[in-house]
file structure-v8.pdb (PDB, C-alpha atoms, pLDDT in the B column)
ATOM      1  CA  MET A   1      74.154 -72.317 101.204  1.00 57.00           C
ATOM      2  CA  ALA A   2      73.856 -68.960  99.380  1.00 61.00           C
ATOM      3  CA  ASN A   3      72.738 -67.290 102.600  1.00 86.00           C
ATOM      4  CA  ASP A   4      75.731 -68.734 104.452  1.00 91.00           C
ATOM      5  CA  GLN A   5      78.079 -67.401 101.778  1.00 93.00           C
ATOM      6  CA  GLU A   6      76.473 -63.958 102.035  1.00 94.00           C
ATOM      7  CA  LYS A   7      76.697 -63.990 105.821  1.00 95.00           C
ATOM      8  CA  GLU A   8      80.383 -64.832 105.645  1.00 95.00           C
ATOM      9  CA  ALA A   9      80.982 -62.160 102.982  1.00 95.00           C
ATOM     10  CA  ALA A  10      79.314 -59.474 105.118  1.00 97.00           C
ATOM     11  CA  ALA A  11      81.247 -60.603 108.199  1.00 97.00           C
ATOM     12  CA  ARG A  12      84.532 -60.522 106.299  1.00 97.00           C
ATOM     13  CA  ALA A  13      83.798 -56.997 105.043  1.00 97.00           C
ATOM     14  CA  SER A  14      83.246 -55.836 108.635  1.00 98.00           C
ATOM     15  CA  LEU A  15      86.829 -56.680 109.638  1.00 98.00           C
ATOM     16  CA  ARG A  16      88.094 -53.438 108.120  1.00 97.00           C
ATOM     17  CA  PHE A  17      86.269 -51.516 110.874  1.00 98.00           C
ATOM     18  CA  VAL A  18      88.316 -53.262 113.579  1.00 98.00           C
ATOM     19  CA  LYS A  19      91.631 -51.620 114.431  1.00 98.00           C
ATOM     20  CA  ASP A  20      94.557 -52.690 116.562  1.00 97.00           C
ATOM     21  CA  GLY A  21      94.157 -51.861 120.240  1.00 97.00           C
ATOM     22  CA  GLN A  22      90.379 -51.536 120.187  1.00 98.00           C
ATOM     23  CA  ILE A  23      87.648 -52.821 122.472  1.00 98.00           C
ATOM     24  CA  VAL A  24      85.318 -54.819 120.224  1.00 98.00           C
ATOM     25  CA  GLY A  25      81.731 -55.847 120.915  1.00 98.00           C
ATOM     26  CA  LEU A  26      81.007 -59.388 119.755  1.00 98.00           C
ATOM     27  CA  GLY A  27      77.462 -59.915 118.499  1.00 98.00           C
ATOM     28  CA  THR A  28      75.293 -63.005 118.701  1.00 98.00           C
ATOM     29  CA  GLY A  29      73.687 -65.083 115.949  1.00 95.00           C
ATOM     30  CA  SER A  30      74.666 -66.935 112.797  1.00 95.00           C
ATOM     31  CA  THR A  31      76.201 -63.955 110.951  1.00 96.00           C
ATOM     32  CA  ALA A  32      77.968 -62.634 114.049  1.00 97.00           C
ATOM     33  CA  ALA A  33      79.417 -66.110 114.550  1.00 97.00           C
ATOM     34  CA  TYR A  34      81.172 -65.793 111.178  1.00 97.00           C
ATOM     35  CA  PHE A  35      82.628 -62.470 112.334  1.00 98.00           C
ATOM     36  CA  ILE A  36      83.894 -63.974 115.591  1.00 98.00           C
ATOM     37  CA  GLN A  37      85.484 -66.842 113.663  1.00 98.00           C
ATOM     38  CA  LEU A  38      87.239 -64.428 111.292  1.00 98.00           C
ATOM     39  CA  LEU A  39      88.236 -62.156 114.172  1.00 98.00           C
ATOM     40  CA  GLY A  40      89.809 -65.153 115.888  1.00 98.00           C
ATOM     41  CA  GLU A  41      91.908 -65.773 112.792  1.00 98.00           C
ATOM     42  CA  ALA A  42      92.983 -62.114 112.771  1.00 98.00           C
ATOM     43  CA  VAL A  43      93.939 -62.299 116.460  1.00 98.00           C
ATOM     44  CA  LYS A  44      95.978 -65.406 115.736  1.00 97.00           C
ATOM     45  CA  GLY A  45      97.681 -63.377 113.007  1.00 97.00           C
ATOM     46  CA  GLY A  46      98.694 -60.649 115.438  1.00 97.00           C
ATOM     47  CA  LEU A  47      95.676 -58.310 115.788  1.00 98.00           C
ATOM     48  CA  ARG A  48      95.520 -56.985 119.343  1.00 98.00           C
ATOM     49  CA  ILE A  49      91.975 -56.355 120.562  1.00 98.00           C
ATOM     50  CA  ARG A  50      89.805 -57.197 123.545  1.00 98.00           C
ATOM     51  CA  GLY A  51      86.271 -58.428 123.042  1.00 98.00           C
ATOM     52  CA  ILE A  52      83.051 -57.932 124.994  1.00 98.00           C
ATOM     53  CA  PRO A  53      80.570 -60.695 124.054  1.00 98.00           C
ATOM     54  CA  THR A  54      76.808 -60.110 123.931  1.00 98.00           C
ATOM     55  CA  SER A  55      75.924 -63.630 125.066  1.00 98.00           C
ATOM     56  CA  ILE A  56      77.254 -66.702 126.804  1.00 98.00           C
ATOM     57  CA  ARG A  57      77.276 -68.435 123.419  1.00 97.00           C
ATOM     58  CA  SER A  58      79.462 -65.759 121.811  1.00 98.00           C
ATOM     59  CA  ARG A  59      81.744 -65.684 124.840  1.00 98.00           C
ATOM     60  CA  GLN A  60      82.295 -69.432 124.576  1.00 98.00           C
ATOM     61  CA  GLN A  61      83.061 -69.200 120.849  1.00 98.00           C
ATOM     62  CA  ALA A  62      85.491 -66.308 121.368  1.00 98.00           C
ATOM     63  CA  ALA A  63      87.264 -68.047 124.233  1.00 98.00           C
ATOM     64  CA  THR A  64      87.679 -71.205 122.140  1.00 98.00           C
ATOM     65  CA  LEU A  65      89.307 -69.115 119.398  1.00 98.00           C
ATOM     66  CA  GLY A  66      91.714 -67.433 121.794  1.00 98.00           C
ATOM     67  CA  ILE A  67      90.184 -63.945 121.553  1.00 98.00           C
ATOM     68  CA  PRO A  68      91.109 -61.936 124.691  1.00 98.00           C
ATOM     69  CA  LEU A  69      87.974 -60.875 126.545  1.00 98.00           C
ATOM     70  CA  THR A  70      87.023 -58.108 128.937  1.00 98.00           C
ATOM     71  CA  THR A  71      83.793 -56.884 130.551  1.00 97.00           C
ATOM     72  CA  LEU A  72      81.703 -53.742 130.824  1.00 97.00           C
ATOM     73  CA  ASP A  73      82.864 -53.527 134.431  1.00 97.00           C
ATOM     74  CA  GLU A  74      86.376 -52.916 133.135  1.00 97.00           C
ATOM     75  CA  CYS A  75      85.527 -50.985 129.932  1.00 96.00           C
ATOM     76  CA  GLN A  76      82.364 -48.898 129.746  1.00 96.00           C
ATOM     77  CA  GLN A  77      83.070 -47.640 126.224  1.00 97.00           C
ATOM     78  CA  ILE A  78      83.407 -49.935 123.221  1.00 98.00           C
ATOM     79  CA  ASP A  79      85.136 -48.780 120.029  1.00 98.00           C
ATOM     80  CA  VAL A  80      83.245 -50.938 117.549  1.00 98.00           C
ATOM     81  CA  THR A  81      80.639 -53.701 117.762  1.00 98.00           C
ATOM     82  CA  VAL A  82      79.847 -56.093 114.923  1.00 98.00           C
ATOM     83  CA  ASP A  83      76.467 -57.794 115.170  1.00 98.00           C
ATOM     84  CA  GLY A  84      73.737 -59.222 112.966  1.00 98.00           C
ATOM     85  CA  ALA A  85      70.080 -58.293 112.512  1.00 98.00           C
ATOM     86  CA  ASP A  86      66.832 -60.057 111.691  1.00 97.00           C
ATOM     87  CA  GLU A  87      65.484 -57.109 109.676  1.00 98.00           C
ATOM     88  CA  VAL A  88      66.878 -53.784 108.438  1.00 97.00           C
ATOM     89  CA  ASP A  89      64.681 -51.019 107.010  1.00 97.00           C
ATOM     90  CA  PRO A  90      65.752 -48.106 104.740  1.00 95.00           C
ATOM     91  CA  GLN A  91      66.359 -45.860 107.795  1.00 96.00           C
ATOM     92  CA  LEU A  92      68.681 -48.507 109.305  1.00 97.00           C
ATOM     93  CA  ARG A  93      66.168 -49.312 112.015  1.00 98.00           C
ATOM     94  CA  LEU A  94      66.558 -52.927 113.066  1.00 98.00           C
ATOM     95  CA  ILE A  95      64.699 -55.873 114.510  1.00 98.00           C
ATOM     96  CA  LYS A  96      67.081 -57.987 116.557  1.00 98.00           C
ATOM     97  CA  GLY A  97      66.701 -60.773 119.078  1.00 98.00           C
ATOM     98  CA  GLY A  98      66.015 -63.841 116.988  1.00 97.00           C
ATOM     99  CA  GLY A  99      68.909 -65.462 118.826  1.00 96.00           C
ATOM    100  CA  GLY A 100      67.539 -64.422 122.207  1.00 97.00           C
ATOM    101  CA  ALA A 101      70.343 -62.021 123.165  1.00 98.00           C
ATOM    102  CA  LEU A 102      68.578 -58.697 122.531  1.00 98.00           C
ATOM    103  CA  LEU A 103      69.082 -57.313 126.061  1.00 98.00           C
ATOM    104  CA  ARG A 104      72.849 -57.719 126.168  1.00 98.00           C
ATOM    105  CA  GLU A 105      73.095 -56.782 122.488  1.00 98.00           C
ATOM    106  CA  LYS A 106      71.323 -53.470 123.123  1.00 98.00           C
ATOM    107  CA  ILE A 107      73.399 -52.729 126.222  1.00 98.00           C
ATOM    108  CA  VAL A 108      76.614 -53.327 124.283  1.00 98.00           C
ATOM    109  CA  ALA A 109      75.305 -51.308 121.316  1.00 98.00           C
ATOM    110  CA  SER A 110      74.441 -48.407 123.626  1.00 98.00           C
ATOM    111  CA  ALA A 111      78.049 -48.332 124.890  1.00 98.00           C
ATOM    112  CA  THR A 112      79.542 -48.504 121.372  1.00 98.00           C
ATOM    113  CA  LYS A 113      80.995 -45.673 119.304  1.00 97.00           C
ATOM    114  CA  GLN A 114      80.364 -47.503 116.012  1.00 97.00           C
ATOM    115  CA  LEU A 115      77.783 -50.284 115.588  1.00 98.00           C
ATOM    116  CA  VAL A 116      78.414 -52.276 112.408  1.00 98.00           C
ATOM    117  CA  ILE A 117      75.562 -54.557 111.353  1.00 98.00           C
ATOM    118  CA  VAL A 118      76.268 -57.504 109.054  1.00 98.00           C
ATOM    119  CA  ALA A 119      73.462 -59.214 107.156  1.00 96.00           C
ATOM    120  CA  ASP A 120      72.555 -61.220 104.085  1.00 95.00           C
ATOM    121  CA  ALA A 121      70.232 -59.771 101.445  1.00 94.00           C
ATOM    122  CA  THR A 122      67.077 -61.371 102.885  1.00 95.00           C
ATOM    123  CA  LYS A 123      67.272 -59.099 105.935  1.00 96.00           C
ATOM    124  CA  ARG A 124      66.562 -55.880 103.994  1.00 96.00           C
ATOM    125  CA  VAL A 125      62.873 -54.941 104.125  1.00 97.00           C
ATOM    126  CA  PRO A 126      60.847 -51.844 103.142  1.00 96.00           C
ATOM    127  CA  VAL A 127      58.950 -51.907 106.452  1.00 97.00           C
ATOM    128  CA  LEU A 128      59.839 -53.715 109.682  1.00 98.00           C
ATOM    129  CA  GLY A 129      57.525 -56.342 111.101  1.00 97.00           C
ATOM    130  CA  LYS A 130      57.416 -59.490 109.006  1.00 96.00           C
ATOM    131  CA  PHE A 131      59.957 -61.011 111.403  1.00 98.00           C
ATOM    132  CA  PRO A 132      58.306 -61.486 114.827  1.00 98.00           C
ATOM    133  CA  LEU A 133      59.464 -58.755 117.199  1.00 98.00           C
ATOM    134  CA  PRO A 134      61.144 -60.262 120.284  1.00 98.00           C
ATOM    135  CA  VAL A 135      60.219 -58.712 123.635  1.00 98.00           C
ATOM    136  CA  GLU A 136      62.059 -59.849 126.763  1.00 98.00           C
ATOM    137  CA  VAL A 137      59.871 -59.902 129.883  1.00 98.00           C
ATOM    138  CA  ILE A 138      60.185 -60.871 133.504  1.00 98.00           C
ATOM    139  CA  LYS A 139      58.073 -63.944 134.227  1.00 98.00           C
ATOM    140  CA  PHE A 140      55.958 -62.223 136.905  1.00 98.00           C
ATOM    141  CA  ALA A 141      54.653 -59.678 134.383  1.00 98.00           C
ATOM    142  CA  GLN A 142      54.271 -61.977 131.390  1.00 98.00           C
ATOM    143  CA  ALA A 143      50.454 -62.330 131.285  1.00 98.00           C
ATOM    144  CA  VAL A 144      49.916 -58.585 131.738  1.00 98.00           C
ATOM    145  CA  VAL A 145      52.454 -57.699 129.044  1.00 98.00           C
ATOM    146  CA  VAL A 146      50.948 -60.220 126.604  1.00 98.00           C
ATOM    147  CA  ARG A 147      47.519 -58.604 127.015  1.00 98.00           C
ATOM    148  CA  LYS A 148      48.928 -55.104 126.443  1.00 98.00           C
ATOM    149  CA  ILE A 149      50.908 -56.069 123.344  1.00 98.00           C
ATOM    150  CA  GLU A 150      47.945 -57.957 121.878  1.00 98.00           C
ATOM    151  CA  ALA A 151      45.918 -54.765 122.336  1.00 98.00           C
ATOM    152  CA  LEU A 152      48.445 -53.093 120.023  1.00 97.00           C
ATOM    153  CA  GLY A 153      47.494 -55.553 117.273  1.00 96.00           C
ATOM    154  CA  ALA A 154      50.110 -58.280 117.601  1.00 98.00           C
ATOM    155  CA  ASN A 155      49.760 -62.039 117.735  1.00 98.00           C
ATOM    156  CA  VAL A 156      51.932 -62.926 120.738  1.00 98.00           C
ATOM    157  CA  THR A 157      53.513 -66.299 121.486  1.00 98.00           C
ATOM    158  CA  LEU A 158      55.908 -67.382 124.203  1.00 98.00           C
ATOM    159  CA  ARG A 159      59.222 -68.534 122.744  1.00 98.00           C
ATOM    160  CA  LEU A 160      59.976 -72.163 123.542  1.00 98.00           C
ATOM    161  CA  ALA A 161      63.307 -73.969 123.708  1.00 97.00           C
ATOM    162  CA  ALA A 162      64.076 -77.218 121.870  1.00 96.00           C
ATOM    163  CA  ASP A 163      62.861 -79.224 124.872  1.00 97.00           C
ATOM    164  CA  GLY A 164      59.436 -77.572 124.735  1.00 97.00           C
ATOM    165  CA  LYS A 165      60.004 -75.537 127.885  1.00 98.00           C
ATOM    166  CA  PRO A 166      60.027 -71.721 127.832  1.00 98.00           C
ATOM    167  CA  PHE A 167      63.209 -70.313 126.329  1.00 98.00           C
ATOM    168  CA  LEU A 168      65.357 -68.611 128.961  1.00 98.00           C
ATOM    169  CA  THR A 169      67.615 -65.681 128.140  1.00 98.00           C
ATOM    170  CA  ASP A 170      71.084 -65.281 129.654  1.00 98.00           C
ATOM    171  CA  GLU A 171      69.397 -63.103 132.291  1.00 97.00           C
ATOM    172  CA  ASP A 172      66.823 -65.851 133.035  1.00 98.00           C
ATOM    173  CA  ASN A 173      63.869 -64.006 131.450  1.00 98.00           C
ATOM    174  CA  HIS A 174      61.256 -65.135 128.925  1.00 98.00           C
ATOM    175  CA  ILE A 175      60.859 -63.872 125.344  1.00 98.00           C
ATOM    176  CA  LEU A 176      57.559 -63.043 123.677  1.00 98.00           C
ATOM    177  CA  ASP A 177      57.585 -63.216 119.874  1.00 98.00           C
ATOM    178  CA  CYS A 178      55.149 -60.564 118.646  1.00 98.00           C
ATOM    179  CA  ARG A 179      53.847 -60.824 115.091  1.00 98.00           C
ATOM    180  CA  PHE A 180      52.712 -57.463 113.771  1.00 97.00           C
ATOM    181  CA  ASP A 181      53.184 -58.258 110.037  1.00 95.00           C
ATOM    182  CA  GLN A 182      54.021 -54.573 109.554  1.00 96.00           C
ATOM    183  CA  ILE A 183      55.266 -51.927 111.979  1.00 98.00           C
ATOM    184  CA  PRO A 184      54.537 -48.608 110.242  1.00 95.00           C
ATOM    185  CA  ASP A 185      55.571 -46.543 113.286  1.00 97.00           C
ATOM    186  CA  ALA A 186      58.598 -48.342 114.708  1.00 98.00           C
ATOM    187  CA  ASP A 187      59.653 -45.320 116.767  1.00 98.00           C
ATOM    188  CA  GLY A 188      56.252 -45.060 118.428  1.00 98.00           C
ATOM    189  CA  LEU A 189      56.032 -48.784 119.129  1.00 98.00           C
ATOM    190  CA  ALA A 190      59.512 -48.755 120.642  1.00 98.00           C
ATOM    191  CA  ARG A 191      58.430 -46.021 123.063  1.00 98.00           C
ATOM    192  CA  GLU A 192      55.227 -47.856 124.002  1.00 98.00           C
ATOM    193  CA  LEU A 193      57.063 -51.104 124.714  1.00 98.00           C
ATOM    194  CA  SER A 194      59.808 -49.360 126.690  1.00 98.00           C
ATOM    195  CA  ASP A 195      57.132 -47.733 128.882  1.00 98.00           C
ATOM    196  CA  MET A 196      55.444 -51.060 129.767  1.00 98.00           C
ATOM    197  CA  PRO A 197      56.277 -52.244 133.302  1.00 98.00           C
ATOM    198  CA  GLY A 198      57.618 -55.785 133.112  1.00 98.00           C
ATOM    199  CA  VAL A 199      59.212 -55.350 129.681  1.00 98.00           C
ATOM    200  CA  VAL A 200      62.947 -55.754 130.187  1.00 98.00           C
ATOM    201  CA  GLU A 201      63.863 -54.895 126.580  1.00 98.00           C
ATOM    202  CA  HIS A 202      62.492 -55.116 123.044  1.00 98.00           C
ATOM    203  CA  GLY A 203      64.128 -55.943 119.742  1.00 98.00           C
ATOM    204  CA  LEU A 204      63.641 -52.595 118.008  1.00 98.00           C
ATOM    205  CA  PHE A 205      67.068 -50.992 117.613  1.00 98.00           C
ATOM    206  CA  ILE A 206      66.435 -47.442 116.433  1.00 98.00           C
ATOM    207  CA  GLY A 207      69.127 -44.861 115.739  1.00 97.00           C
ATOM    208  CA  MET A 208      71.862 -47.259 116.832  1.00 97.00           C
ATOM    209  CA  ALA A 209      73.393 -48.661 113.627  1.00 97.00           C
ATOM    210  CA  SER A 210      76.295 -46.645 112.204  1.00 96.00           C
ATOM    211  CA  VAL A 211      76.913 -48.911 109.211  1.00 97.00           C
ATOM    212  CA  VAL A 212      75.002 -51.845 107.715  1.00 98.00           C
ATOM    213  CA  LEU A 213      76.893 -54.237 105.453  1.00 98.00           C
ATOM    214  CA  VAL A 214      74.486 -56.252 103.300  1.00 97.00           C
ATOM    215  CA  ALA A 215      75.837 -59.082 101.185  1.00 96.00           C
ATOM    216  CA  ASN A 216      73.939 -59.834  97.986  1.00 92.00           C
ATOM    217  CA  GLY A 217      75.649 -62.635  96.154  1.00 86.00           C
ATOM    218  CA  SER A 218      79.335 -61.737  95.947  1.00 81.00           C
ATOM    219  CA  LYS A 219      78.670 -57.995  96.377  1.00 93.00           C
ATOM    220  CA  VAL A 220      78.621 -56.250  99.758  1.00 96.00           C
ATOM    221  CA  VAL A 221      76.640 -52.998  99.898  1.00 95.00           C
ATOM    222  CA  GLU A 222      77.543 -50.493 102.621  1.00 96.00           C
ATOM    223  CA  LEU A 223      74.657 -48.460 104.048  1.00 96.00           C
ATOM    224  CA  ARG A 224      75.304 -45.606 106.459  1.00 92.00           C
ATOM    225  CA  ALA A 225      73.041 -43.678 108.803  1.00 75.00           C
ATOM    226  CA  GLY A 226      71.980 -40.432 107.162  1.00 68.00           C
ATOM    227  CA  ASP A 227      73.019 -41.630 103.707  1.00 64.00           C
ATOM    228  CA  ALA A 228      70.059 -42.004 101.363  1.00 47.00           C
ATOM    229  CA  ARG A 229      71.972 -43.777  98.607  1.00 46.00           C
ATOM    230  CA  ASP A 230      70.994 -47.316  97.658  1.00 48.00           C
ATOM    231  CA  ARG A 231      68.263 -47.578 100.282  1.00 47.00           C
ATOM    232  CA  LYS A 232      65.688 -49.543  98.285  1.00 52.00           C
ATOM    233  CA  PRO A 233      65.402 -53.052  99.776  1.00 50.00           C
TER     234      PRO A 233
END
call {"tool": "encode", "arguments": {"input": "structure-v8.pdb", "output": "structure tokens"}}
result
Amino acid sequence: MANDQEKEAAARASLRFVKDGQIVGLGTGSTAAYFIQLLGEAVKGGLRIRGIPTSIRSRQQAATLGIPLTTLDECQQIDVTVDGADEVDPQLRLIKGGGGALLREKIVASATKQLVIVADATKRVPVLGKFPLPVEVIKFAQAVVVRKIEALGANVTLRLAADGKPFLTDEDNHILDCRFDQIPDADGLARELSDMPGVVEHGLFIGMASVVLVANGSKVVELRAGDARDRKP
């Protein structure tokens, strides 16, 4: 319950970054869902924006709430995106993809002027890696990629859906959950994974977050890229 209250508090704080007339990226996951809900209320109150969802799930939620939607085909630059994260380190590097939408999330983030991350206090960590790093792969390359990532020191498992079958992303790929325990060189690992043939995308988001809003109880702490204040997790 406390986590849910923190998620909602962080999502509510992110609304001040959304301005009338903007193109807004809509994240995926439990905290982003709070943002979409609150954004829907703001739209109902007269806010004029157009949203670009990062998943089918977020698109369905936004459409239900009456949020006007557009696509990257129509708008290649997004003013602000609000999304969640599974881990945030002191340099605002992220692990994302627990909800399975890391590919579209990273594409939208890459087209965004300002990426605002919303999270509860449990997501702040001194070093990335306790949360399993999601890696999206094409099925043909899966066995080869598993072997290569295991050689890097990870315990790799194929993500399964509720029915016990392999989880399928919105782009019909599989996800490998890679347990490193700690990732001391996130930048280096990101490069290695990006260079692996068959890896569609990985969940390390480095140098992308503009602002991270972390709710701790009733307080929301704002962390900014390049700002060393209040960085101890």
call {"tool": "residues_around", "arguments": {"input": "structure-v8.pdb", "residues": "A:Ile49", "least_positions_apart": "5", "cutoff": "8 Å", "atoms": "only C-alpha atoms", "output": "list in words"}}
result
Lys19, Asp20, Gly21, Gln22, Ile23, Val24, Val43, Ile67 and Pro68 of chain A
call {"tool": "closest_residue", "arguments": {"input": "structure-v8.pdb", "among": "A:Gly84, A:Pro134, A:Gly66, A:Gly129", "to": "A:Phe167", "atoms": "only C-alpha atoms"}}
result
A:Pro134
call {"tool": "resolve_selection", "arguments": {"input": "structure-v8.pdb", "expression": "the PyMOL selection byres ((chain A and resi 33) around 10)", "output": "list in words"}}
result
Lys7, Glu8, Ala11, Leu26, Gly27, Thr28, Gly29, Ser30, Thr31, Ala32, Tyr34, Phe35, Ile36, Gln37, Leu38, Leu39, Arg57, Ser58, Gln61, Ala62, Asp83 and Gly84 of chain A
call {"tool": "resolve_selection", "arguments": {"input": "structure-v8.pdb", "expression": "the PyMOL selection byres ((chain A and resi 74-80) around 6)", "output": "PyMOL selection string"}}
result
chain A and resi 22-24+71-73+81+111-115
call {"tool": "resolve_selection", "arguments": {"input": "structure-v8.pdb", "expression": "the PyMOL selection byres ((chain A and resi 210-216) around 8)", "output": "list in words"}}
result
Glu6, Lys7, Ala9, Ala10, Ala13, Ser14, Leu92, Gln114, Leu115, Val116, Ile117, Val118, Ala119, Asp120, Ala121, Arg124, Met208, Ala209, Gly217, Ser218, Lys219, Val220, Val221, Glu222, Leu223, Arg224 and Ala225 of chain A
call {"tool": "write_last_selection", "arguments": {"input": "structure-v8.pdb", "atoms": "C-alpha atoms", "output": "PDB file, in the coordinates of the input"}}
result
ATOM      1  CA  GLU A   6      76.473 -63.958 102.035  1.00 94.00           C
ATOM      2  CA  LYS A   7      76.697 -63.990 105.821  1.00 95.00           C
ATOM      3  CA  ALA A   9      80.982 -62.160 102.982  1.00 95.00           C
ATOM      4  CA  ALA A  10      79.314 -59.474 105.118  1.00 97.00           C
ATOM      5  CA  ALA A  13      83.798 -56.997 105.043  1.00 97.00           C
ATOM      6  CA  SER A  14      83.246 -55.836 108.635  1.00 98.00           C
ATOM      7  CA  LEU A  92      68.681 -48.507 109.305  1.00 97.00           C
ATOM      8  CA  GLN A 114      80.364 -47.503 116.012  1.00 97.00           C
ATOM      9  CA  LEU A 115      77.783 -50.284 115.588  1.00 98.00           C
ATOM     10  CA  VAL A 116      78.414 -52.276 112.408  1.00 98.00           C
ATOM     11  CA  ILE A 117      75.562 -54.557 111.353  1.00 98.00           C
ATOM     12  CA  VAL A 118      76.268 -57.504 109.054  1.00 98.00           C
ATOM     13  CA  ALA A 119      73.462 -59.214 107.156  1.00 96.00           C
ATOM     14  CA  ASP A 120      72.555 -61.220 104.085  1.00 95.00           C
ATOM     15  CA  ALA A 121      70.232 -59.771 101.445  1.00 94.00           C
ATOM     16  CA  ARG A 124      66.562 -55.880 103.994  1.00 96.00           C
ATOM     17  CA  MET A 208      71.862 -47.259 116.832  1.00 97.00           C
ATOM     18  CA  ALA A 209      73.393 -48.661 113.627  1.00 97.00           C
ATOM     19  CA  GLY A 217      75.649 -62.635  96.154  1.00 86.00           C
ATOM     20  CA  SER A 218      79.335 -61.737  95.947  1.00 81.00           C
ATOM     21  CA  LYS A 219      78.670 -57.995  96.377  1.00 93.00           C
ATOM     22  CA  VAL A 220      78.621 -56.250  99.758  1.00 96.00           C
ATOM     23  CA  VAL A 221      76.640 -52.998  99.898  1.00 95.00           C
ATOM     24  CA  GLU A 222      77.543 -50.493 102.621  1.00 96.00           C
ATOM     25  CA  LEU A 223      74.657 -48.460 104.048  1.00 96.00           C
ATOM     26  CA  ARG A 224      75.304 -45.606 106.459  1.00 92.00           C
ATOM     27  CA  ALA A 225      73.041 -43.678 108.803  1.00 75.00           C
TER      28      ALA A 225
END
call {"tool": "atom_distance", "arguments": {"input": "structure-v8.pdb", "atom1": "atom CA of A:Ala186", "atom2": "atom CA of A:Glu171"}}
result
25.4 Å
call {"tool": "atom_distance", "arguments": {"input": "structure-v8.pdb", "atom1": "atom CA of A:Leu47", "atom2": "atom CA of A:Glu105"}}
result
23.6 Å
call {"tool": "residues_around", "arguments": {"input": "structure-v8.pdb", "residues": "A:Pro184", "least_positions_apart": "2", "cutoff": "8 Å", "atoms": "only C-alpha atoms", "output": "list of chain:residue names"}}
result
A:Val127, A:Leu128, A:Gln182, A:Ala186
call {"tool": "write_last_selection", "arguments": {"input": "structure-v8.pdb", "atoms": "C-alpha atoms", "output": "mmCIF file, in the frame of the given file"}}
result
data_model
loop_
_atom_site.group_PDB
_atom_site.id
_atom_site.type_symbol
_atom_site.label_atom_id
_atom_site.label_comp_id
_atom_site.auth_asym_id
_atom_site.auth_seq_id
_atom_site.Cartn_x
_atom_site.Cartn_y
_atom_site.Cartn_z
ATOM 1 C CA VAL A 127 58.950 -51.907 106.452
ATOM 2 C CA LEU A 128 59.839 -53.715 109.682
ATOM 3 C CA GLN A 182 54.021 -54.573 109.554
ATOM 4 C CA ALA A 186 58.598 -48.342 114.708
#
call {"tool": "residues_around", "arguments": {"input": "structure-v8.pdb", "residues": "A:Glu201", "least_positions_apart": "3", "cutoff": "10 Å", "atoms": "all atoms listed in the file", "output": "MDAnalysis selection string"}}
result
chainID A and resid 97 102:104 106:107 134:138 175 190 193:194 196 198 204
call {"tool": "atom_distance", "arguments": {"input": "structure-v8.pdb", "atom1": "atom CA of A:Leu176", "atom2": "atom CA of A:Ala109"}}
result
21.4 Å
call {"tool": "residues_near_point", "arguments": {"input": "structure-v8.pdb", "point": "(60.3, -66.6, 127.5)", "cutoff": "12 Å", "atoms": "only C-alpha atoms", "output": "PyMOL selection string"}}
result
chain A and resi 100-101+134-143+145-146+156-161+164-178+199-200
call {"tool": "closest_residue", "arguments": {"input": "structure-v8.pdb", "among": "A:Ala151, A:Arg12, A:Gly25, A:Arg59", "to": "A:Glu41", "atoms": "only C-alpha atoms"}}
result
A:Arg12
call {"tool": "closest_residue", "arguments": {"input": "structure-v8.pdb", "among": "A:Ile183, A:Ile206, A:Val82, A:Leu15", "to": "A:Ile52", "atoms": "all atoms listed in the file"}}
result
A:Val82
call {"tool": "closest_residue", "arguments": {"input": "structure-v8.pdb", "among": "A:Ala85, A:Leu189, A:Leu65, A:Leu133", "to": "A:Lys44", "atoms": "all atoms listed in the file"}}
result
A:Leu65
call {"tool": "closest_residue", "arguments": {"input": "structure-v8.pdb", "among": "A:Lys148, A:His202, A:Lys123, A:Arg179", "to": "A:Asp86", "atoms": "all atoms listed in the file"}}
result
A:Lys123
call {"tool": "closest_residue", "arguments": {"input": "structure-v8.pdb", "among": "A:Asp195, A:Gln91, A:Gln5, A:Gly98", "to": "A:Ile149", "atoms": "all atoms listed in the file"}}
result
A:Asp195
call {"tool": "decode", "arguments": {"input": "structure-v8.pdb", "residues": "stretch 78-89 of chain A", "atoms": "C-alpha atoms", "output": "PDB file, in the first residue's frame"}}
result
ATOM      1  CA  ILE A  78       8.321  14.232 -28.275  1.00  0.00           C
ATOM      2  CA  ASP A  79       8.321  17.134 -25.809  1.00  0.00           C
ATOM      3  CA  VAL A  80       8.218  15.138 -22.586  1.00  0.00           C
ATOM      4  CA  THR A  81       7.893  11.464 -21.657  1.00  0.00           C
ATOM      5  CA  VAL A  82       6.917  10.227 -18.204  1.00  0.00           C
ATOM      6  CA  ASP A  83       7.891   6.638 -17.463  1.00  0.00           C
ATOM      7  CA  GLY A  84       8.861   4.403 -14.563  1.00  0.00           C
ATOM      8  CA  ALA A  85      12.030   2.447 -13.800  1.00  0.00           C
ATOM      9  CA  ASP A  86      12.967  -0.774 -12.047  1.00  0.00           C
ATOM     10  CA  GLU A  87      16.234   0.657 -10.688  1.00  0.00           C
ATOM     11  CA  VAL A  88      17.878   4.095 -10.598  1.00  0.00           C
ATOM     12  CA  ASP A  89      21.521   4.625  -9.617  1.00  0.00           C
TER      13      ASP A  89
END
